[in-house]
Amino acid sequence: MNALEKVQEKFSDEIIETHAFRGDETVVIRPAALLSVAQFLKDTPGLDFNYLMDLTAVDYLFYAGGRVQKDFRFEVVYHFMSLKNNIRLRLKVAVDEKNPEVETLTGLWASANWYEREVWDMYGIRFKGHPNLKRILMYEEFVGHPLRKDYPFNKRQPLIGPLN
Amino acid sequence: MSLKNPAGFFSTKLDDALGWARKFSIFQYPFVTACCGMEYMSTAASHYDVDRFGAGFPRFSPRQSDVLFVVGTINHKMAPVLKSIYDQMCEPKWVVAFGVCTCTGGFYDNYATVQGIDTIIPVDIYIPGCPPRPENVLDGLMKLQEKIGKNEQNRTLYDPQSKSVRPAEFQKNYSVAQHLKNIESK
């Protein structure tokens, strides 16, 4: 039984979709289940995902030129790895546009701290319970979140000095 | 200047002598932030040998240098630092924009990159290229020497709002101190 099947068995109600391609396994879940799924991945014998490799987000606004309409705008993407079992799993959390907020994983994996700050900085997705949720790459005066698809790519901000 | 005004004759000739001396002893400060640094090193190394032009001695303190080489992309977070480096240099001073990112922002037309360092500090010589070849750099350096020899310095900035060149004073509040004050007031 692989990791994907274990998660499917336990959280069948919370899963929106799953896919697997040549060993790349992905689970898309509802945000409410994030903490329990994460805890399950970390603590279950045989899974032991002790390493959060990457955490990022995707903005599906104008996805595929607007031809594909999704029920939600963002996805927060987690890449887990188990050093013990040498397996990987990709977890995606669907995030609504109106209230872009998910639970923080800093309590389970310390590496989530800066990743979540980066996602907040670039996409404006809040992480509930994060100990220090402030911008990590942009300066504090920056208005907006530049990797959102509705942020004009060449917008100039009134800066810490010159207008540019 | 005519010989009827010996004082004037003397002072202009002194300026010429100073310019001539300065242009062959350029103490440069390399402000290297990106890939252009490789071309800068290539220019400085023995094959192209920038020391032939009297500019072979980089000083890593702005207070001891008179030409600021801005080599590589400057983003908005780095911009106040660049400005403070420039402010620390003693007069007379010159600035070289090395590479297209420093000239105009280059292809980084985005949220992070300053669209030309001439919006922050006055630039004397622009060396475009992504990155510029060493020959290109040496050409720019010779043009800079010409400018130094004539005691010419740029004192203007580009204002992206009015899309025009203006005297440098219009952004005199732009400094690290001001930046810190802005943060503190929040």
# chains A, B, ... in the order shown; residues from 1 in each chain; ligands from 1
$ closest_atom_pairs --of "segment 29-119 of chain B" --to "segment 136-160 of chain A" --cutoff "7 Å" --atoms "only C-alpha atoms" --output "tab-separated table"
residue	atom	partner	partner_atom	distance
B:Lys77	CA	A:Tyr139	CA	6.6
B:Asp109	CA	A:Asn154	CA	5.7
B:Asn110	CA	A:Asn154	CA	4.7
B:Tyr111	CA	A:Asn154	CA	6.1
$ residues_around --residues "Leu105 of chain A" --least-positions-apart "2" --cutoff "12 Å" --atoms "only C-alpha atoms" --output "PDB file with N, CA and C atoms, in the first residue's frame"
ATOM      1  N   LEU A  34      -6.349  20.181   6.545  1.00  0.00           N
ATOM      2  CA  LEU A  34      -4.893  20.249   6.366  1.00  0.00           C
ATOM      3  C   LEU A  34      -4.103  19.747   7.567  1.00  0.00           C
ATOM      4  N   LEU A  35      -4.461  20.251   8.757  1.00  0.00           N
ATOM      5  CA  LEU A  35      -3.655  19.891   9.932  1.00  0.00           C
ATOM      6  C   LEU A  35      -3.727  18.396  10.234  1.00  0.00           C
ATOM      7  N   SER A  36      -4.926  17.827  10.127  1.00  0.00           N
ATOM      8  CA  SER A  36      -5.036  16.402  10.455  1.00  0.00           C
ATOM      9  C   SER A  36      -4.324  15.547   9.411  1.00  0.00           C
ATOM     10  N   VAL A  37      -4.403  15.942   8.139  1.00  0.00           N
ATOM     11  CA  VAL A  37      -3.687  15.183   7.109  1.00  0.00           C
ATOM     12  C   VAL A  37      -2.179  15.287   7.330  1.00  0.00           C
ATOM     13  N   ALA A  38      -1.712  16.517   7.641  1.00  0.00           N
ATOM     14  CA  ALA A  38      -0.280  16.715   7.843  1.00  0.00           C
ATOM     15  C   ALA A  38       0.225  15.903   9.031  1.00  0.00           C
ATOM     16  N   GLN A  39      -0.564  15.930  10.095  1.00  0.00           N
ATOM     17  CA  GLN A  39      -0.182  15.154  11.272  1.00  0.00           C
ATOM     18  C   GLN A  39      -0.130  13.660  10.937  1.00  0.00           C
ATOM     19  N   LYS A  42       2.956  12.825   9.003  1.00  0.00           N
ATOM     20  CA  LYS A  42       4.189  12.895   9.764  1.00  0.00           C
ATOM     21  C   LYS A  42       4.332  11.717  10.736  1.00  0.00           C
ATOM     22  N   TYR A  51      10.227  15.442   6.455  1.00  0.00           N
ATOM     23  CA  TYR A  51      10.948  16.514   5.778  1.00  0.00           C
ATOM     24  C   TYR A  51       9.983  17.256   4.863  1.00  0.00           C
ATOM     25  N   LEU A  52       9.764  18.542   5.158  1.00  0.00           N
ATOM     26  CA  LEU A  52       8.977  19.393   4.269  1.00  0.00           C
ATOM     27  C   LEU A  52       9.941  20.038   3.278  1.00  0.00           C
ATOM     28  N   ASP A  54       9.379  21.549   0.217  1.00  0.00           N
ATOM     29  CA  ASP A  54       9.029  22.787  -0.477  1.00  0.00           C
ATOM     30  C   ASP A  54       7.598  23.149  -0.150  1.00  0.00           C
ATOM     31  N   LEU A  55       7.343  24.425  -0.176  1.00  0.00           N
ATOM     32  CA  LEU A  55       5.992  24.920   0.060  1.00  0.00           C
ATOM     33  C   LEU A  55       5.827  26.130  -0.827  1.00  0.00           C
ATOM     34  N   VAL A  76      -2.245  25.913  -2.389  1.00  0.00           N
ATOM     35  CA  VAL A  76      -0.968  25.893  -1.673  1.00  0.00           C
ATOM     36  C   VAL A  76      -0.410  24.490  -1.838  1.00  0.00           C
ATOM     37  N   TYR A  78       2.423  21.575  -1.049  1.00  0.00           N
ATOM     38  CA  TYR A  78       3.428  21.098  -0.101  1.00  0.00           C
ATOM     39  C   TYR A  78       4.126  19.885  -0.707  1.00  0.00           C
ATOM     40  N   PHE A  80       6.343  16.814   0.454  1.00  0.00           N
ATOM     41  CA  PHE A  80       6.867  16.104   1.618  1.00  0.00           C
ATOM     42  C   PHE A  80       7.807  15.006   1.176  1.00  0.00           C
ATOM     43  N   VAL A 102      -4.985  29.488   5.307  1.00  0.00           N
ATOM     44  CA  VAL A 102      -4.847  28.078   5.687  1.00  0.00           C
ATOM     45  C   VAL A 102      -4.091  28.013   7.011  1.00  0.00           C
ATOM     46  N   GLU A 103      -4.162  26.850   7.627  1.00  0.00           N
ATOM     47  CA  GLU A 103      -3.453  26.669   8.891  1.00  0.00           C
ATOM     48  C   GLU A 103      -1.942  26.612   8.627  1.00  0.00           C
ATOM     49  N   GLY A 107       4.249  24.359  13.319  1.00  0.00           N
ATOM     50  CA  GLY A 107       4.303  23.521  14.514  1.00  0.00           C
ATOM     51  C   GLY A 107       4.801  22.117  14.221  1.00  0.00           C
ATOM     52  N   LEU A 108       4.626  21.671  12.975  1.00  0.00           N
ATOM     53  CA  LEU A 108       5.022  20.302  12.630  1.00  0.00           C
ATOM     54  C   LEU A 108       6.391  20.254  11.957  1.00  0.00           C
ATOM     55  N   TRP A 109       6.604  21.191  11.000  1.00  0.00           N
ATOM     56  CA  TRP A 109       7.909  21.246  10.320  1.00  0.00           C
ATOM     57  C   TRP A 109       8.418  22.682  10.463  1.00  0.00           C
ATOM     58  N   ALA A 110       9.558  22.867  11.095  1.00  0.00           N
ATOM     59  CA  ALA A 110      10.076  24.221  11.300  1.00  0.00           C
ATOM     60  C   ALA A 110      10.408  24.896   9.972  1.00  0.00           C
ATOM     61  N   SER A 111      10.707  24.107   8.939  1.00  0.00           N
ATOM     62  CA  SER A 111      11.077  24.703   7.649  1.00  0.00           C
ATOM     63  C   SER A 111       9.898  25.419   7.004  1.00  0.00           C
ATOM     64  N   ALA A 112       8.695  25.197   7.503  1.00  0.00           N
ATOM     65  CA  ALA A 112       7.531  25.878   6.918  1.00  0.00           C
ATOM     66  C   ALA A 112       7.563  27.377   7.181  1.00  0.00           C
ATOM     67  N   ASN A 113       8.319  27.794   8.172  1.00  0.00           N
ATOM     68  CA  ASN A 113       8.270  29.187   8.609  1.00  0.00           C
ATOM     69  C   ASN A 113       8.556  30.175   7.477  1.00  0.00           C
ATOM     70  N   TRP A 114       9.721  30.072   6.865  1.00  0.00           N
ATOM     71  CA  TRP A 114      10.090  31.045   5.819  1.00  0.00           C
ATOM     72  C   TRP A 114       9.313  30.805   4.532  1.00  0.00           C
ATOM     73  N   TYR A 115       9.023  29.527   4.243  1.00  0.00           N
ATOM     74  CA  TYR A 115       8.221  29.238   3.045  1.00  0.00           C
ATOM     75  C   TYR A 115       6.866  29.918   3.126  1.00  0.00           C
ATOM     76  N   GLU A 116       6.259  29.847   4.298  1.00  0.00           N
ATOM     77  CA  GLU A 116       4.926  30.434   4.444  1.00  0.00           C
ATOM     78  C   GLU A 116       4.989  31.950   4.381  1.00  0.00           C
ATOM     79  N   ARG A 117       6.071  32.503   4.894  1.00  0.00           N
ATOM     80  CA  ARG A 117       6.229  33.960   4.757  1.00  0.00           C
ATOM     81  C   ARG A 117       6.373  34.350   3.299  1.00  0.00           C
ATOM     82  N   PHE A 127      -1.428  32.544   6.815  1.00  0.00           N
ATOM     83  CA  PHE A 127      -1.239  31.258   7.495  1.00  0.00           C
ATOM     84  C   PHE A 127      -1.610  31.433   8.955  1.00  0.00           C
ATOM     85  N   LYS A 128      -2.719  30.826   9.316  1.00  0.00           N
ATOM     86  CA  LYS A 128      -3.281  31.017  10.649  1.00  0.00           C
ATOM     87  C   LYS A 128      -2.363  30.362  11.687  1.00  0.00           C
ATOM     88  N   GLY A 129      -1.957  31.140  12.677  1.00  0.00           N
ATOM     89  CA  GLY A 129      -1.119  30.606  13.739  1.00  0.00           C
ATOM     90  C   GLY A 129       0.370  30.734  13.472  1.00  0.00           C
ATOM     91  N   HIS A 130       0.743  31.380  12.360  1.00  0.00           N
ATOM     92  CA  HIS A 130       2.170  31.548  12.066  1.00  0.00           C
ATOM     93  C   HIS A 130       2.802  32.507  13.070  1.00  0.00           C
ATOM     94  N   PRO A 131       3.990  32.178  13.603  1.00  0.00           N
ATOM     95  CA  PRO A 131       4.569  33.020  14.652  1.00  0.00           C
ATOM     96  C   PRO A 131       5.060  34.379  14.167  1.00  0.00           C
TER      97      PRO A 131
END
$ atom_distance --atom1 "atom CA of Asp139 of chain B" --atom2 "atom CA of Arg52 of chain B"
12.8 Å
$ closest_residue --among "A:Thr104, A:Asn2, A:Phe74, A:Thr44" --to "Gly124 of chain A" --atoms "only C-alpha atoms"
A:Phe74
$ closest_residue --among "A:Lys98, A:Arg135, A:Lys92, A:Arg73" --to "Thr26 of chain A" --atoms "only C-alpha atoms"
A:Lys92
$ select_by_dssp --residues "segment 99-138 of chain A" --states "strand (DSSP E)" --output "ChimeraX atom specification"
/A:101-103,126-128
$ residues_around --residues "Pro134 of chain B" --least-positions-apart "3" --cutoff "8 Å" --atoms "only C-alpha atoms" --output "PDB file with C-alpha atoms, in the first residue's frame"
ATOM      1  CA  GLU B  39      32.645  40.523 -17.524  1.00  0.00           C
ATOM      2  CA  TYR B  40      33.984  43.046 -15.070  1.00  0.00           C
ATOM      3  CA  SER B  42      37.392  39.524 -17.330  1.00  0.00           C
ATOM      4  CA  THR B  43      38.075  43.172 -18.132  1.00  0.00           C
ATOM      5  CA  TYR B  48      42.134  42.820 -21.287  1.00  0.00           C
ATOM      6  CA  VAL B 137      33.729  48.198 -21.228  1.00  0.00           C
ATOM      7  CA  LEU B 138      37.117  49.569 -22.249  1.00  0.00           C
TER       8      LEU B 138
END
$ residues_around --residues "Leu47 of chain A" --least-positions-apart "6" --cutoff "9 Å" --atoms "only C-alpha atoms" --output "list in words"
Asn2, Ala3, Lys6, Phe40, Leu41, Ser82, Lys84, Asn85 and Ile87 of chain A
$ residues_around --residues "segment 28-32 of chain A" --least-positions-apart "5" --cutoff "9 Å" --atoms "only C-alpha atoms" --output "list in words"
Phe11, Glu14, Ile15, Ile16, Glu17, Thr18, His19, Val37, Glu75, Val77, Arg90, Leu91, Lys92, Val93, Ala94, Val95, Glu101, Val102 and Glu103 of chain A
